[in-house]
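Below is one structure, written out as structure tokens; the observations come after it.
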Number of protein chains: 2
Amino acid sequence: MSRRRVTLADVAKIAGVSPTTASLVLSGRGRELRISQDVEQRVLKAAAESQYRPNIVSVGLRTGTTRTIGFISDTIATSRLAGDMIKGALEAARERGFMLFIGETEGDPELERLLLQAMHDRQVDGIIFASMYTRTIKVPKGLAATPAVLLNALPKQPSPLPSVIPDEIEAGRIAARALLDAGYREGIHLIGAGPARRNVPAGGSVAAVERLIGIREVLAEAGVKPASGHVCVDWQPEYGLAATRALLRNERPKALICFNDRIALGAYQALDDYGLKVPADVSVVSFDDHPIAAWMRPQLTTVALPHYELGRKAVDVLFTEIGRDREDDGEEGEVHRVPMPIRLRESIAPPGA
Amino acid sequence: MSRRRVTLADVAKIAGVSPTTASLVLSGRGRELRISQDVEQRVLKAAAESQYRPNIVSVGLRTGTTRTIGFISDTIATSRLAGDMIKGALEAARERGFMLFIGETEGDPELERLLLQAMHDRQVDGIIFASMYTRTIKVPKGLAATPAVLLNALPKQPSPLPSVIPDEIEAGRIAARALLDAGYREGIHLIGAGPARRNVPAGGSVAAVERLIGIREVLAEAGVKPASGHVCVDWQPEYGLAATRALLRNERPKALICFNDRIALGAYQALDDYGLKVPADVSVVSFDDHPIAAWMRPQLTTVALPHYELGRKAVDVLFTEIGRDREDDGEEGEVHRVPMPIRLRESIAPPGA
DNA sequence: CAGGTTTGCTAAATCGGATTAGCAGTGCGA
DNA sequence: TCGCACTGCTAATCCGATTTAGCAAACCTG
């Protein structure tokens, strides 16, 4: 049934030429090295008819390039979002004929080391080092041995590695603008972080800090102050529920900016408990575009994390790194920000609508 | 900065022996081939001190084994669940020193062919061919060229490939038993499929068919008939909502068996519309253990898809395939069923509680 | 003490390509 | 007719390991 793979030597034999010639023709260097049309055609024909495919392992040994990149992340299973990031990377890689190794560290530095080693042992051409939520990370030693890109992460210490992250500041601006555009000038409350810059949950989440900056900037420009802000220690529904309930005990908000969709889910529940309708009584805008955002009723308007695009972009940046001469010191440690698009759905309405 | 990798030749030189000897010692065949203790120690020391690591690409060329397996699926991004499957496979593979290539076909046969090719070009030791929801698939030609396993999928035509799937029939039994155990004997309605065996959505979903079989079996044993069944064309919240509303127009159900959690989400909304409380007025049990199941209020009792375990099991089975001699014709096309555990939460209460 | 065995190690081939150096054969000018 | 350039192809080496075949020295054994 199964037979040996066709090798270059087989093709050469069929075409009646040396393996050298066959290699030359198939690598497209035939013209340059003066192989005759006749021979070229014979080789091409032999290769096609025998369904020859070069053994990438062999090529890898000789040339040191395996057409493979490593994708290391802290967790892939935590959120569905991660999948889109991998998917974007996967497709961008495939378009260039590259495959992806994936690995998960669970945040364990030892595992991190092992995985990097395993990938280097397999001679990957480059590595994408990803975090599943945007944050600052300690760049592991040995990551710089091959071209590498930080995805959804920024280096804690200055580093020559480029990074690709969502443009969270602009996302904050967009969310705030959505409420301003709807006509809100007061009664805007923040659930998840704020109201002041320093009011962010611990843990180095970039999202909290940057979303808040963008929100505050746009509101300030319009002469608006957030009516209140509520830090959620963990951005889960139950914390959003608790924070919103606390708020509702004292106030009747006009609009909520929830720092992510899970918080918004909790906020919806709290508003429902108090008999308040979204968006008639309270408008809500959020971040992430988690799948539940489209399932919630009314559907949630949210500024989307562009996971798919992040994955693609990381591959693009990695390829420019691979293409770059070692030691050519172009722009180092460049940060690429990927725009976050707003998904306009049903949770914002003009005040008093 | 970066230096060449340490090779076996380097180690041999440091230890003052031939590469052959070094290879023998490091592959553990030193004893067998009568290498002296002294030389063995010298080689081991040299390897350790120089931090030698074998180049897997080279080994791959020589031995044809790359310590790598390919994981091909139709989609990875569709559901968070997929992540757990990959995670399980990843961990099981890592435990054996294997890495995973991943690829996505989007259900496109041409892409499927290309990916398979790309993996063979890279000399993978085996392939896991996965579907993101359990169904029957056409086994692609060329999959059998290396050891392979079907994950979450059954072959449409008889095939020698083993498969690993969740035990959906038993899951159906478990769900039905949960309601019987709570004391229900009537007013049990099915949302998503049923009531008769043939009432399943089109598309070859194994889940619908098998869950229904298990449910009907257990109910029948207890002398209970489902009060009604409602096929949902697509198992999304809006269909669950519509089906449950339709049901509520005519009846007051005691308990619902929803065929998955997204349908249950819709059912919750419909019950809420009619002012019915879960579980006081209506108990609900469901399948999948999608993340939203724990976020819904009250939290949903559901029979979990064991994605993580499925991934692990697939790797286990793949390794026995790899270990098997070609043509030893053991049990062929064996189907491995992974148990689905029930997550008891808040959506079931005794009748009239 | 010749002949056989055992011990302990190494030379060389191999995997499947890429690449460098170079070798015949032809044509052309002087 | 010799020398040189050019054309068109190939031999040989290399990448980094594994593996087979075998060699030299020491050790019996009768």
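Within each chain, counting starts at residue 1; across the structure tokens, chains are named A, B, ... in the order shown, with ligands numbered 1 upward in that order.
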For this session: Fewer than 6 positions away in the same chain doesn't count, so skip those; otherwise give me all residues within 12 Å of C:DG4, counting only C-alpha atoms (C1' of nucleotides), as JSON, numbers by chain.
Result: {"D": [27, 28, 29, 30]}
For this session: For B:Ile188, list every protein, DNA or RNA residue within 12 Å, evaluated using only C-alpha atoms (C1' of nucleotides), and leave out those in the same chain fewer than 2 positions away; present the list as a VMD selection string.
Result: chain B and resid 175 to 180 182 to 186 190 to 191 194 to 195 215 to 216 219 224 to 230 247 251 to 258 282 to 285 351
For this session: Tell me which protein, DNA and RNA residues are within 10 Å of D:DA11, counting only C-alpha atoms (C1' of nucleotides), leaving out same-chain ones fewer than 5 positions away, and put them as a PyMOL selection string.
Result: (chain A and resi 18+20) or (chain C and resi 21-23)
Output of the above residues as a compact mmCIF listing (two decimals), in the first residue's frame, restricted to C-alpha atoms (C1' of nucleotides):
# COMPACT_ATOMS: atom_id res chain seq x y z
CA SER A 18 22.03 14.43 -12.01
CA THR A 20 22.27 18.58 -8.83
C1' DA C 21 33.81 23.97 -7.49
C1' DG C 22 34.90 22.31 -11.67
C1' DC C 23 34.81 19.54 -16.00
For this session: Name all residues at most 12 Å from D:DA25 (count only C-alpha atoms (C1' of nucleotides); drop same-chain ones fewer than 3 positions away) and give them as a PyMOL selection string.
Result: chain C and resi 6-9
Selected residues, N, CA, C and O atoms (P, O5', C5', C4', C3', O3' and C1' of nucleotides), written as an mmCIF file, in the first residue's frame, please.
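Result file result-v2.cif:
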data_model
loop_
_atom_site.group_PDB
_atom_site.id
_atom_site.type_symbol
_atom_site.label_atom_id
_atom_site.label_comp_id
_atom_site.auth_asym_id
_atom_site.auth_seq_id
_atom_site.Cartn_x
_atom_site.Cartn_y
_atom_site.Cartn_z
ATOM 1 P P DT C 6 33.392 -15.108 23.372
ATOM 2 O "O5'" DT C 6 33.898 -13.753 24.065
ATOM 3 C "C5'" DT C 6 34.953 -13.847 25.017
ATOM 4 C "C4'" DT C 6 35.469 -12.466 25.370
ATOM 5 C "C3'" DT C 6 34.409 -11.350 25.411
ATOM 6 O "O3'" DT C 6 34.491 -10.740 26.687
ATOM 7 C "C1'" DT C 6 36.303 -10.665 24.145
ATOM 8 P P DT C 7 33.535 -9.563 27.120
ATOM 9 O "O5'" DT C 7 34.496 -8.318 26.851
ATOM 10 C "C5'" DT C 7 35.812 -8.320 27.402
ATOM 11 C "C4'" DT C 7 36.529 -7.040 26.998
ATOM 12 C "C3'" DT C 7 35.687 -5.775 27.125
ATOM 13 O "O3'" DT C 7 36.440 -4.804 27.809
ATOM 14 C "C1'" DT C 7 36.655 -5.893 24.972
ATOM 15 P P DG C 8 35.782 -3.466 28.311
ATOM 16 O "O5'" DG C 8 36.118 -2.508 27.099
ATOM 17 C "C5'" DG C 8 37.462 -2.108 26.860
ATOM 18 C "C4'" DG C 8 37.477 -1.203 25.661
ATOM 19 C "C3'" DG C 8 36.417 -0.097 25.689
ATOM 20 O "O3'" DG C 8 37.067 1.141 25.483
ATOM 21 C "C1'" DG C 8 36.400 -1.174 23.619
ATOM 22 P P DC C 9 36.258 2.506 25.662
ATOM 23 O "O5'" DC C 9 36.156 2.916 24.133
ATOM 24 C "C5'" DC C 9 37.360 3.271 23.463
ATOM 25 C "C4'" DC C 9 37.243 3.002 21.989
ATOM 26 C "C3'" DC C 9 36.494 4.050 21.184
ATOM 27 O "O3'" DC C 9 37.450 4.996 20.695
ATOM 28 C "C1'" DC C 9 36.188 1.810 20.358
#
Listing only residues of chain D within 7 Å of chain A, what is the closest atom pair and its distance in Å (to one decimal) for each, using only C-alpha atoms (C1' of nucleotides), sorted by chain and residue number ascending, as a tab-separated table?
residue	atom	partner	partner_atom	distance
D:DG8	C1'	A:Ile35	CA	6.1
D:DT10	C1'	A:Ser18	CA	6.4
D:DC15	C1'	A:Arg62	CA	4.3
For this session: Would you kindly report the residues of chain C within 10 Å of chain A, using only C-alpha atoms (C1' of nucleotides), as a PyMOL selection string?
Result: chain C and resi 15-19
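For A:Tyr308, the list of residues within 8 Å, based on only C-alpha atoms (C1' of nucleotides) and with local chain neighbours fewer than 2 positions off taken out, reads Asp84, Met85, Ile86, Lys87, Gly88, Ala89, Pro306, Leu310, Gly311 and Arg312 of chain A.
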For this session: Figure out the distance between atom CA of B:Pro237 and atom CA of B:Asp167, please, to one decimal in Å.
Result: 24.1 Å
For this session: Can you pull out every residue within 12 Å of C:DG25, counting only C-alpha atoms (C1' of nucleotides), but drop anything in the same chain fewer than 4 positions away, and send it as a count of residues only?
Result: 4
Exercise. Using the chain letters and numbers from this document, which residues of stretch 61-298 of chain A does DSSP assign to helix (DSSP H, G or I), as a ChimeraX atom specification?
Worked result: /A:61-63,80-95,109-121,143-145,168-182,206-221,237-250,261-273,291-295
For this session: Quick one: everything within 12 Å of D:DC2, counting only C-alpha atoms (C1' of nucleotides), minus sequence neighbours fewer than 3 positions away in the same chain. Send it as a PyMOL selection string.
Result: chain C and resi 28-30
Hey, can you spit out that residue selection with all heavy atoms as a CSV table (one decimal), in the first residue's frame?
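Result file result-v1.csv:
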chain,number,residue,atom,x,y,z
C,28,DC,P,30.7,30.8,-33.7
C,28,DC,OP1,29.6,31.7,-33.8
C,28,DC,OP2,31.1,30.0,-34.8
C,28,DC,O5',32.0,31.7,-33.3
C,28,DC,C5',32.1,32.3,-32.0
C,28,DC,C4',33.4,33.0,-31.8
C,28,DC,O4',34.4,32.0,-31.3
C,28,DC,C3',34.0,33.5,-33.1
C,28,DC,O3',34.5,34.8,-32.8
C,28,DC,C2',35.1,32.6,-33.4
C,28,DC,C1',35.6,32.1,-32.0
C,28,DC,N1,36.2,30.8,-32.0
C,28,DC,C2,37.3,30.6,-31.2
C,28,DC,O2,37.7,31.5,-30.5
C,28,DC,N3,37.9,29.4,-31.2
C,28,DC,C4,37.5,28.4,-32.0
C,28,DC,N4,38.1,27.2,-31.9
C,28,DC,C5,36.4,28.6,-32.8
C,28,DC,C6,35.8,29.8,-32.8
C,29,DG,P,34.8,35.7,-34.1
C,29,DG,OP1,33.8,36.9,-34.1
C,29,DG,OP2,35.0,34.9,-35.3
C,29,DG,O5',36.2,36.3,-33.6
C,29,DG,C5',36.4,36.7,-32.3
C,29,DG,C4',37.9,36.7,-32.0
C,29,DG,O4',38.3,35.3,-31.9
C,29,DG,C3',38.7,37.4,-33.1
C,29,DG,O3',39.7,38.2,-32.4
C,29,DG,C2',39.3,36.2,-33.8
C,29,DG,C1',39.4,35.2,-32.8
C,29,DG,N9,39.4,33.8,-33.3
C,29,DG,C8,38.5,33.3,-34.2
C,29,DG,N7,38.6,32.0,-34.4
C,29,DG,C5,39.7,31.6,-33.6
C,29,DG,C6,40.4,30.4,-33.5
C,29,DG,O6,40.1,29.3,-34.0
C,29,DG,N1,41.4,30.5,-32.6
C,29,DG,C2,41.8,31.6,-31.9
C,29,DG,N2,42.8,31.5,-31.1
C,29,DG,N3,41.2,32.8,-32.0
C,29,DG,C4,40.2,32.7,-32.9
C,30,DA,P,40.6,39.1,-33.3
C,30,DA,OP1,40.8,40.3,-32.6
C,30,DA,OP2,40.1,39.1,-34.7
C,30,DA,O5',42.0,38.3,-33.2
C,30,DA,C5',42.6,38.0,-32.0
C,30,DA,C4',43.9,37.2,-32.2
C,30,DA,O4',43.5,35.9,-32.7
C,30,DA,C3',44.8,37.8,-33.3
C,30,DA,O3',46.1,37.7,-32.9
C,30,DA,C2',44.4,37.0,-34.5
C,30,DA,C1',44.2,35.6,-33.9
C,30,DA,N9,43.4,34.7,-34.7
C,30,DA,C8,42.3,35.1,-35.5
C,30,DA,N7,41.7,34.0,-36.1
C,30,DA,C5,42.5,33.0,-35.6
C,30,DA,C6,42.4,31.6,-35.9
C,30,DA,N6,41.5,31.0,-36.7
C,30,DA,N1,43.3,30.8,-35.3
C,30,DA,C2,44.3,31.3,-34.5
C,30,DA,N3,44.4,32.6,-34.2
C,30,DA,C4,43.5,33.4,-34.8
